[in-house]
Amino acid sequence: MDTTKVSSTAFDGTPHAPAHARKFVRQVLGEWRLSHLAEDAVLLTSELVTNAVVHAGTGVELTCRLDVDASPARLEIEVDDHHPSRTISGVAAPADDGQPATSGRGLALAQMLADAWGVTYTRTAKRVWVRLEIGEGCEQQEILPGPTGLVATPVVAPLETLHVGVVVCDLDGVVESWNSEAAELLGWPAELVVGRSLKELVAWRGSGPYALSLADTLGLGRWRGETRMRHRDGRLVPVYVSHLRTRGHAGERRTIWMIVACDHRHVLTPPPQPLRREAGRRIKDLIDHDMPLAELLSTIAQIVQVSSAGDASYVLLAADTGGQFGVAAGAGATAGLVGVLATGVFCADRKAPTLIDDLLGSDVELAEQLRARSLACAPLLVSGEVIGYLVVTAAQPSRFDQELTVSLQHIADQVAVPVQRERLAERDRAHRGRLSFLAEAGELLAGVHDEELIAALTAQLVVPKIATWAAVYLTDLAGMTRLAHVWHSKESHNSALRKSLPAIPRTALHEVAWPVGPETVLAFPLLTQGRSHGALVIGRTDPTLPLELADLLADLCRLVALNLHTAMLYARQATTSRVLQRSLLPMRVAPMPGLESAVVYEPAEEGADVGGDFYDLFTVADHWCFALGDVCGSGPEAAAVTGLARHAVRLLAKEHYTVADIFDRLNQALLDEGDEGRFLSLLCGELTPLPQGGALCTIASAGHPPPLLLRTSGEVETMATPQLLLGIESGARFYVETFELAPEEVLLCVTDGVTERRAGGRLLDDGDGLSELLSGCTGLSAHAVAERVRHAVETFAAEPSQDDMALLVIKASGALRQVR
């Protein structure tokens with residue numbers, strides 16, 4: 001007779017399929033009187049259906065099959081999808097670099113919960129199945145078929161054979177009391193048992209799923225399970241035991257065992273509690289497998305949450321300092337917890353399980369953080385030290401009983417040492433990774449003085465390593481905040497993300513209404529020296545942020561805020577410097593009717609507007625004045641002398657001083673400054689228009705490269721004799737020279753950044769190189785001549801020039817008009 005029972009259904013491949021599948025499986029197992037398997041079966045079904053929906057995207061068929069003739073009896077759950085070419089996201093295998101893969105964790109959990117699983121492929125479908133074995137002994141009776149093939153009511157042994165033995169032992173397991181019912185059940189009279197150790201009477205094979213020793217079991221506050229005890233005639237009698245530790249009137253502790261034959265286990269068995277049936281064995285299976293700490297903690301939280309029937313569960317671990325505890329993993333309806341829980345419920349001195357019926361009456365802040373009223377927790381103890389907590393919460397008050405805390409403590413005792421071992425190893429790895437991450441961030445941000453670029457780099461540092469998306473808000477000196485940059489792991493979502501984020505011009509972070517979506521949104525202020533520079537906002541699919549990541553983000557935000565503060569100071573200083581530097585150069589070159597002029601000016605210092613070279617070209621009464629100078633050195637110090645020289649030349653010229661007088665007074669001014677070693681070479685001249693065209697040029701050169709005159713014939717002449725540098729000798733006298741600048745002739749004035757441009761051991765002006773270059777410029781405009789010289793200087797050597805460069809080109813283009 002076929003006693004196999006089958007129940008099937010089908011769902012569309014939508015996000016609602018897992019919920020419908022869970023409800024279906026729970027209903028079927030209830031009808032089959034297998035409710036004690038429901039929690040594991042529902043979790044497995046959810047994982048399989050979710051995999052099918054996500055990775056196949058087709059319709060899903062779900063089948064539950066119960067085979068009571070198998071040995072042992074078994075329940076199989078099958079999920080079919082219609083995309084056979086896609087493989088299942090199975091047990092996570094190591095990646096090529098040896099690190100664990102980032103997907104497949106769900107089915108890895110399923111593998112540990114199920115006794116077997118596999119994948120079957122056909123031409124049109126893929127079937128993923130899991131198998132749960134029903135168990136042995138008394139549990140088997142619950143599923144034996146009756147004559148009609150239906151599940152029969154368990155066969156109850158005759159009442160006459162029921163004996164409820166009561167055994168009382170001290171803390172060491174020595175029998176102190178043995179009632180007559182125990183003597184009837186096991187054949188031992190009290191006088192032969194009292195004073196003996198219980199170990200001599202029990203054939204202990206491990207207490208069911210937990211595999212504890214007898215001594216461990218005797219130390220528990222409460223326990224129920226099967227074992228075998230020795231009959232006086234030598235037989236091993238299967239018994240069911242209800243264990244309880246009590247405190248007597250005098251405060252002494254005792255252990256009480258109530259014992260019945262396994263056939264009468266229903267007398268001592270509590271109402272079905274599927275939430276506690278498998279948790280211990282599943283946790284033990286998990287800690288026997290090698291897996292990363294984050295996955296281990298997350299899996300523990302999942303199993304505790306499912307097995308406890310709570311709304312949410314958490315694994316808390318002790319922070320490095322301060323005796324506080326932070327969220328390391330969570331499952332269920334978590335509230336997006338971050339970092340440390342500032343509460344008195346969890347403390348290093350609380351070393352016993354705790355049950356709180358209503359958090360609102362004891363800790364309102366914690367109730368708001370957890371969005372819960374009921375709470376049960378058990379400490380993770382290692383060598384007497386509390387390293388963390390297992391926590392279960394529910395939204396309704398009085399959801400849990402004291403027995404749950406016993407189960408939680410039992411689980412906590414099993415996982416505490418493995419968690420601590422993995423945490424220490426993970427902490428060492430995380431510390432190295434944290435230092436590496438912060439070093440990478442510091443190196444990337446170092447020397448960046450642009451706030452927009454800092455914001456962009458910060459967002460890209462966080463995504464996708466820590467968050468699915470990130471946004472950086474910047475606050476200016478006026479206190480106005482703006483959204484500076486957004487970055488999503490899928491770049492195509494950047495535009496939509498920017499539109500969904502709110503503007504927070506003057507809103508405090510805790511008052512901002514962030515967009516509701518699949519990710520949990522967390523905001524971190526960018527603070528340094530008591531000033532806010534904005535905020536880093538992230539979105540994570542995981543609702544909880546482990547304490548280690550919270551600390552890492554806090555360190556990153558401090559680093560970013562410091563760089564933003566530096567960028568602000570740099571921008572302020574650069575703006576001031578730029579304004580001052582620009583004042584050292586003429587805003588525009590005076591128009592010269594009948595003359596063309598062109599200027600090239602390139603400071604050697606990167607980012608500087610002005611260096612040690614300067615130029616000027618302006619009108620005075622009926623003539624034009626021009627100047628080209630070079631201060632010894634470069635940078636801000638040279639620029640200060642540049643400002644003095646340029647303004648002095650212009651001021652003295654406007655007061656109608658001759659070129660020679662300008663040199664005399666400027667020389668004395670430099671000496672009066674008392675800046676030893678700060679010399680100035682200067683080329684200064686006047687252009688007076690001639691009636692027949694062209695101009696009369698009066699010029700003097702104080703230690704400056706002499707100007708070159710390009711005749712219309714292509715001949716190049718040197719037009720001034722170098723004199724003593726300015727700022728060297730007090731009382732030095734300077735003289736001028738004159739020549740005529742005819743129409744179409746070109747006057748080229750340069751600083752030594754042109755003539756001394758170096759390529760190895762060769763200078764640009766070696767062998768009259770500059771004159772030769774100028775001779776090929778016949779017929780060119782002033783701008784064309786300036787560009788050709790500039791290009792020649794730039795390409796003369798592969799490496800950039802280390803000196804400031806300035807050149808002034810003046811060309812007489814026709815009859816000059818009188819200046820008015």
# chains A, B, ... in the order shown; residues from 1 in each chain; ligands from 1
call {"tool": "residues_around", "arguments": {"residues": "Ser771 (chain A)", "least_positions_apart": "5", "cutoff": "10 Å", "atoms": "only C-alpha atoms", "output": "PyMOL selection string"}}
result
chain A and resi 708-710+715-718+748+765-766+776
call {"tool": "closest_residue", "arguments": {"among": "A:Leu682, A:Leu690, A:Val512, A:Leu670", "to": "Ile728 (chain A)", "atoms": "only C-alpha atoms"}}
result
A:Leu670
call {"tool": "residues_around", "arguments": {"residues": "Thr658 (chain A)", "least_positions_apart": "3", "cutoff": "10 Å", "atoms": "only C-alpha atoms", "output": "JSON, numbers by chain"}}
result
{"A": [652, 653, 655, 661, 662, 663, 664, 685, 686, 698, 736]}
call {"tool": "residues_around", "arguments": {"residues": "Asp358 (chain A)", "least_positions_apart": "3", "cutoff": "10 Å", "atoms": "only C-alpha atoms", "output": "MDAnalysis selection string"}}
result
chainID A and resid 355 361:364 367 372:375 394:399
call {"tool": "write_last_selection", "arguments": {"atoms": "N, CA and C atoms", "output": "CSV table (one decimal), in the first residue's frame"}}
result
chain,number,residue,atom,x,y,z
A,355,LEU,N,14.4,38.4,30.9
A,355,LEU,CA,13.1,38.5,30.2
A,355,LEU,C,12.4,39.8,30.6
A,361,GLY,N,8.2,50.0,30.1
A,361,GLY,CA,8.2,50.3,31.5
A,361,GLY,C,9.5,50.3,32.1
A,362,SER,N,10.6,49.9,31.4
A,362,SER,CA,11.9,49.8,31.9
A,362,SER,C,12.9,50.6,31.2
A,363,ASP,N,12.8,50.7,29.8
A,363,ASP,CA,13.8,51.4,29.0
A,363,ASP,C,13.1,51.9,27.7
A,364,VAL,N,12.6,53.1,27.8
A,364,VAL,CA,11.9,53.7,26.7
A,364,VAL,C,12.8,53.9,25.5
A,367,ALA,N,13.3,50.6,23.8
A,367,ALA,CA,12.1,50.2,23.1
A,367,ALA,C,11.9,51.0,21.8
A,372,ALA,N,10.2,47.7,19.8
A,372,ALA,CA,9.7,46.4,20.4
A,372,ALA,C,9.2,46.7,21.8
A,373,ARG,N,8.3,45.8,22.3
A,373,ARG,CA,7.9,45.8,23.7
A,373,ARG,C,8.4,44.7,24.5
A,374,SER,N,8.4,43.5,23.9
A,374,SER,CA,8.9,42.3,24.6
A,374,SER,C,10.4,42.1,24.2
A,375,LEU,N,11.1,41.6,25.2
A,375,LEU,CA,12.6,41.3,24.9
A,375,LEU,C,13.0,40.1,25.8
A,394,ALA,N,9.9,41.4,20.2
A,394,ALA,CA,8.6,41.3,19.6
A,394,ALA,C,7.9,42.7,19.9
A,395,ALA,N,7.0,43.0,18.9
A,395,ALA,CA,6.3,44.3,19.0
A,395,ALA,C,5.3,44.3,20.1
A,396,GLN,N,4.7,43.1,20.4
A,396,GLN,CA,3.6,43.1,21.5
A,396,GLN,C,4.3,42.8,22.8
A,397,PRO,N,3.7,43.3,23.9
A,397,PRO,CA,4.2,43.0,25.2
A,397,PRO,C,3.9,41.5,25.6
A,398,SER,N,4.7,41.0,26.6
A,398,SER,CA,4.4,39.7,27.2
A,398,SER,C,4.4,38.6,26.1
A,399,ARG,N,5.2,38.6,25.1
A,399,ARG,CA,5.2,37.6,24.1
A,399,ARG,C,6.0,36.4,24.5
call {"tool": "atom_distance", "arguments": {"atom1": "CA of Gln529 (chain A)", "atom2": "CA of Arg558 (chain A)"}}
result
10.0 Å
call {"tool": "closest_residue", "arguments": {"among": "A:Ala508, A:Leu536, A:Val68, A:Leu680", "to": "Gly643 (chain A)", "atoms": "only C-alpha atoms"}}
result
A:Leu680
call {"tool": "select_by_dssp", "arguments": {"residues": "region 153-197 of chain A", "states": "strand (DSSP E or B)", "output": "PyMOL selection string"}}
result
chain A and resi 165-169+174-178+197
call {"tool": "closest_residue", "arguments": {"among": "A:Phe11, A:Phe325, A:Phe437, A:Phe614", "to": "Ala640 (chain A)", "atoms": "only C-alpha atoms"}}
result
A:Phe614
call {"tool": "select_by_dssp", "arguments": {"residues": "region 418-544 of chain A", "states": "alpha helix (DSSP H)", "output": "ChimeraX atom specification"}}
result
/A:418-445,451-462,494-500
call {"tool": "residues_around", "arguments": {"residues": "Leu438 (chain A)", "least_positions_apart": "2", "cutoff": "12 Å", "atoms": "only C-alpha atoms", "output": "list in words"}}
result
Ala430, His431, Arg432, Gly433, Arg434, Leu435, Ser436, Glu440, Ala441, Gly442, Glu443, Leu444, Leu445, Ala446, Thr458, Leu461, Val462, Asp551, Leu552, Leu553, Ala554, Asp555, Leu556, Cys557, Arg558, Leu559 and Val560 of chain A
call {"tool": "write_last_selection", "arguments": {"atoms": "N, CA, C and O atoms", "output": "CSV table (one decimal), in the first residue's frame"}}
result
chain,number,residue,atom,x,y,z
A,430,ALA,N,40.1,42.6,10.4
A,430,ALA,CA,39.3,43.9,10.2
A,430,ALA,C,40.2,45.1,10.5
A,430,ALA,O,40.2,46.1,9.9
A,431,HIS,N,41.1,44.9,11.6
A,431,HIS,CA,42.0,46.0,11.9
A,431,HIS,C,42.9,46.3,10.8
A,431,HIS,O,43.1,47.5,10.4
A,432,ARG,N,43.5,45.2,10.2
A,432,ARG,CA,44.4,45.4,9.0
A,432,ARG,C,43.6,46.0,7.9
A,432,ARG,O,44.1,46.9,7.2
A,433,GLY,N,42.4,45.5,7.6
A,433,GLY,CA,41.6,46.0,6.5
A,433,GLY,C,41.2,47.5,6.8
A,433,GLY,O,41.1,48.3,5.8
A,434,ARG,N,40.9,47.8,8.0
A,434,ARG,CA,40.4,49.1,8.4
A,434,ARG,C,41.6,50.1,8.1
A,434,ARG,O,41.4,51.2,7.5
A,435,LEU,N,42.8,49.7,8.6
A,435,LEU,CA,43.9,50.6,8.4
A,435,LEU,C,44.2,50.7,6.9
A,435,LEU,O,44.6,51.8,6.4
A,436,SER,N,44.1,49.6,6.2
A,436,SER,CA,44.3,49.7,4.7
A,436,SER,C,43.3,50.6,4.0
A,436,SER,O,43.7,51.4,3.2
A,440,GLU,N,44.1,54.0,2.2
A,440,GLU,CA,43.7,54.3,0.8
A,440,GLU,C,42.9,55.6,0.7
A,440,GLU,O,43.2,56.4,-0.2
A,441,ALA,N,42.0,55.8,1.6
A,441,ALA,CA,41.2,57.0,1.6
A,441,ALA,C,42.1,58.2,1.8
A,441,ALA,O,42.0,59.2,1.1
A,442,GLY,N,43.0,58.1,2.8
A,442,GLY,CA,43.9,59.3,3.0
A,442,GLY,C,44.8,59.6,1.9
A,442,GLY,O,45.0,60.8,1.5
A,443,GLU,N,45.3,58.5,1.2
A,443,GLU,CA,46.1,58.8,0.0
A,443,GLU,C,45.3,59.4,-1.1
A,443,GLU,O,45.8,60.2,-1.8
A,444,LEU,N,44.1,58.9,-1.3
A,444,LEU,CA,43.3,59.4,-2.4
A,444,LEU,C,42.9,60.9,-2.1
A,444,LEU,O,42.8,61.6,-3.1
A,445,LEU,N,42.6,61.2,-0.9
A,445,LEU,CA,42.2,62.6,-0.6
A,445,LEU,C,43.3,63.5,-0.4
A,445,LEU,O,43.1,64.8,-0.3
A,446,ALA,N,44.5,63.0,-0.2
A,446,ALA,CA,45.7,63.9,0.1
A,446,ALA,C,45.9,64.9,-1.0
A,446,ALA,O,46.0,64.5,-2.2
A,458,THR,N,34.7,60.7,-1.9
A,458,THR,CA,34.2,60.0,-0.6
A,458,THR,C,33.0,59.1,-1.0
A,458,THR,O,33.0,58.0,-0.5
A,461,LEU,N,34.4,56.0,-2.5
A,461,LEU,CA,35.1,55.1,-1.5
A,461,LEU,C,34.2,54.2,-0.8
A,461,LEU,O,34.5,53.0,-0.5
A,462,VAL,N,32.9,54.7,-0.5
A,462,VAL,CA,32.0,53.9,0.3
A,462,VAL,C,31.2,52.9,-0.6
A,462,VAL,O,30.9,51.8,-0.1
A,551,ASP,N,32.2,52.2,13.3
A,551,ASP,CA,33.5,52.8,13.7
A,551,ASP,C,34.3,53.2,12.5
A,551,ASP,O,34.9,54.3,12.5
A,552,LEU,N,34.3,52.4,11.5
A,552,LEU,CA,35.1,52.7,10.3
A,552,LEU,C,34.5,53.9,9.6
A,552,LEU,O,35.3,54.8,9.1
A,553,LEU,N,33.2,54.0,9.5
A,553,LEU,CA,32.6,55.1,8.8
A,553,LEU,C,32.8,56.4,9.6
A,553,LEU,O,33.0,57.5,9.1
A,554,ALA,N,32.8,56.3,10.9
A,554,ALA,CA,33.1,57.5,11.8
A,554,ALA,C,34.5,58.0,11.5
A,554,ALA,O,34.7,59.2,11.4
A,555,ASP,N,35.5,57.1,11.4
A,555,ASP,CA,36.8,57.5,11.1
A,555,ASP,C,36.9,58.1,9.8
A,555,ASP,O,37.6,59.1,9.6
A,556,LEU,N,36.2,57.5,8.8
A,556,LEU,CA,36.3,58.0,7.4
A,556,LEU,C,35.7,59.4,7.4
A,556,LEU,O,36.2,60.4,6.8
A,557,CYS,N,34.6,59.6,8.1
A,557,CYS,CA,33.9,61.0,8.1
A,557,CYS,C,34.8,62.0,8.8
A,557,CYS,O,34.9,63.2,8.3
A,558,ARG,N,35.6,61.6,9.8
A,558,ARG,CA,36.5,62.6,10.4
A,558,ARG,C,37.6,62.9,9.4
A,558,ARG,O,38.0,64.1,9.3
A,559,LEU,N,38.1,61.9,8.7
A,559,LEU,CA,39.1,62.2,7.7
A,559,LEU,C,38.6,63.1,6.6
A,559,LEU,O,39.3,64.1,6.2
A,560,VAL,N,37.4,62.8,6.1
A,560,VAL,CA,36.8,63.6,5.0
A,560,VAL,C,36.6,65.1,5.6
A,560,VAL,O,36.8,66.0,4.8
call {"tool": "closest_residue", "arguments": {"among": "A:Leu725, A:Leu807, A:Leu66, A:Ala732", "to": "Pro707 (chain A)", "atoms": "only C-alpha atoms"}}
result
A:Leu807
call {"tool": "residues_around", "arguments": {"residues": "region 791-795 of chain A", "least_positions_apart": "5", "cutoff": "12 Å", "atoms": "only C-alpha atoms", "output": "ChimeraX atom specification"}}
result
/A:600,602,750-759,763-765,769-770,772-774,784-786,800-807
call {"tool": "residues_around", "arguments": {"residues": "region 183-194 of chain A", "least_positions_apart": "2", "cutoff": "12 Å", "atoms": "only C-alpha atoms", "output": "mmCIF file with C-alpha atoms, in the first residue's frame"}}
result
data_model
loop_
_atom_site.group_PDB
_atom_site.id
_atom_site.type_symbol
_atom_site.label_atom_id
_atom_site.label_comp_id
_atom_site.auth_asym_id
_atom_site.auth_seq_id
_atom_site.Cartn_x
_atom_site.Cartn_y
_atom_site.Cartn_z
ATOM 1 C CA GLU A 160 -1.549 0.343 33.916
ATOM 2 C CA THR A 161 2.038 0.460 32.678
ATOM 3 C CA LEU A 162 2.472 4.164 33.524
ATOM 4 C CA HIS A 163 5.020 4.861 36.249
ATOM 5 C CA VAL A 164 6.205 8.398 36.971
ATOM 6 C CA GLY A 165 9.540 8.157 38.728
ATOM 7 C CA VAL A 166 10.822 11.088 40.765
ATOM 8 C CA VAL A 167 14.549 11.295 41.452
ATOM 9 C CA VAL A 168 16.169 14.046 43.535
ATOM 10 C CA CYS A 169 19.936 14.633 43.305
ATOM 11 C CA ASP A 170 22.376 17.127 44.769
ATOM 12 C CA GLY A 173 24.422 14.281 40.697
ATOM 13 C CA VAL A 174 24.328 12.028 43.799
ATOM 14 C CA VAL A 175 20.876 10.537 44.331
ATOM 15 C CA GLU A 176 19.183 11.751 47.504
ATOM 16 C CA SER A 177 15.629 10.542 46.886
ATOM 17 C CA TRP A 178 14.132 7.716 44.785
ATOM 18 C CA ASN A 179 10.363 7.171 44.852
ATOM 19 C CA SER A 180 8.467 3.882 44.547
ATOM 20 C CA GLU A 181 7.355 4.655 40.969
ATOM 21 C CA ARG A 196 24.971 6.520 44.254
ATOM 22 C CA SER A 197 25.846 8.798 41.373
ATOM 23 C CA LEU A 198 23.221 9.202 38.713
ATOM 24 C CA LYS A 199 25.965 8.527 36.139
ATOM 25 C CA GLU A 200 25.949 4.869 37.226
ATOM 26 C CA LEU A 201 22.248 4.553 36.408
ATOM 27 C CA VAL A 202 22.092 6.426 33.084
ATOM 28 C CA ARG A 228 18.231 5.207 28.501
ATOM 29 C CA MET A 229 18.521 4.042 32.121
ATOM 30 C CA ARG A 230 19.809 0.744 33.469
ATOM 31 C CA HIS A 231 17.220 -1.684 34.854
ATOM 32 C CA ARG A 232 18.233 -3.819 37.784
ATOM 33 C CA ASP A 233 18.104 -6.892 35.519
ATOM 34 C CA GLY A 234 20.671 -5.300 33.151
ATOM 35 C CA ARG A 235 18.309 -4.090 30.466
ATOM 36 C CA LEU A 236 18.540 -0.539 29.067
ATOM 37 C CA VAL A 237 15.097 1.042 29.359
ATOM 38 C CA PRO A 238 14.263 3.951 26.967
ATOM 39 C CA VAL A 239 12.862 6.737 29.140
ATOM 40 C CA TYR A 240 11.697 10.281 28.750
ATOM 41 C CA MET A 258 10.720 13.014 36.496
ATOM 42 C CA ILE A 259 10.996 9.799 34.490
ATOM 43 C CA VAL A 260 8.473 7.828 32.410
ATOM 44 C CA ALA A 261 8.826 5.055 29.888
ATOM 45 C CA CYS A 262 9.128 6.357 26.349
ATOM 46 C CA HIS A 264 4.217 7.414 28.045
#
call {"tool": "closest_residue", "arguments": {"among": "A:Leu741, A:Glu47, A:Arg531, A:Asp263", "to": "Ala157 (chain A)", "atoms": "only C-alpha atoms"}}
result
A:Asp263
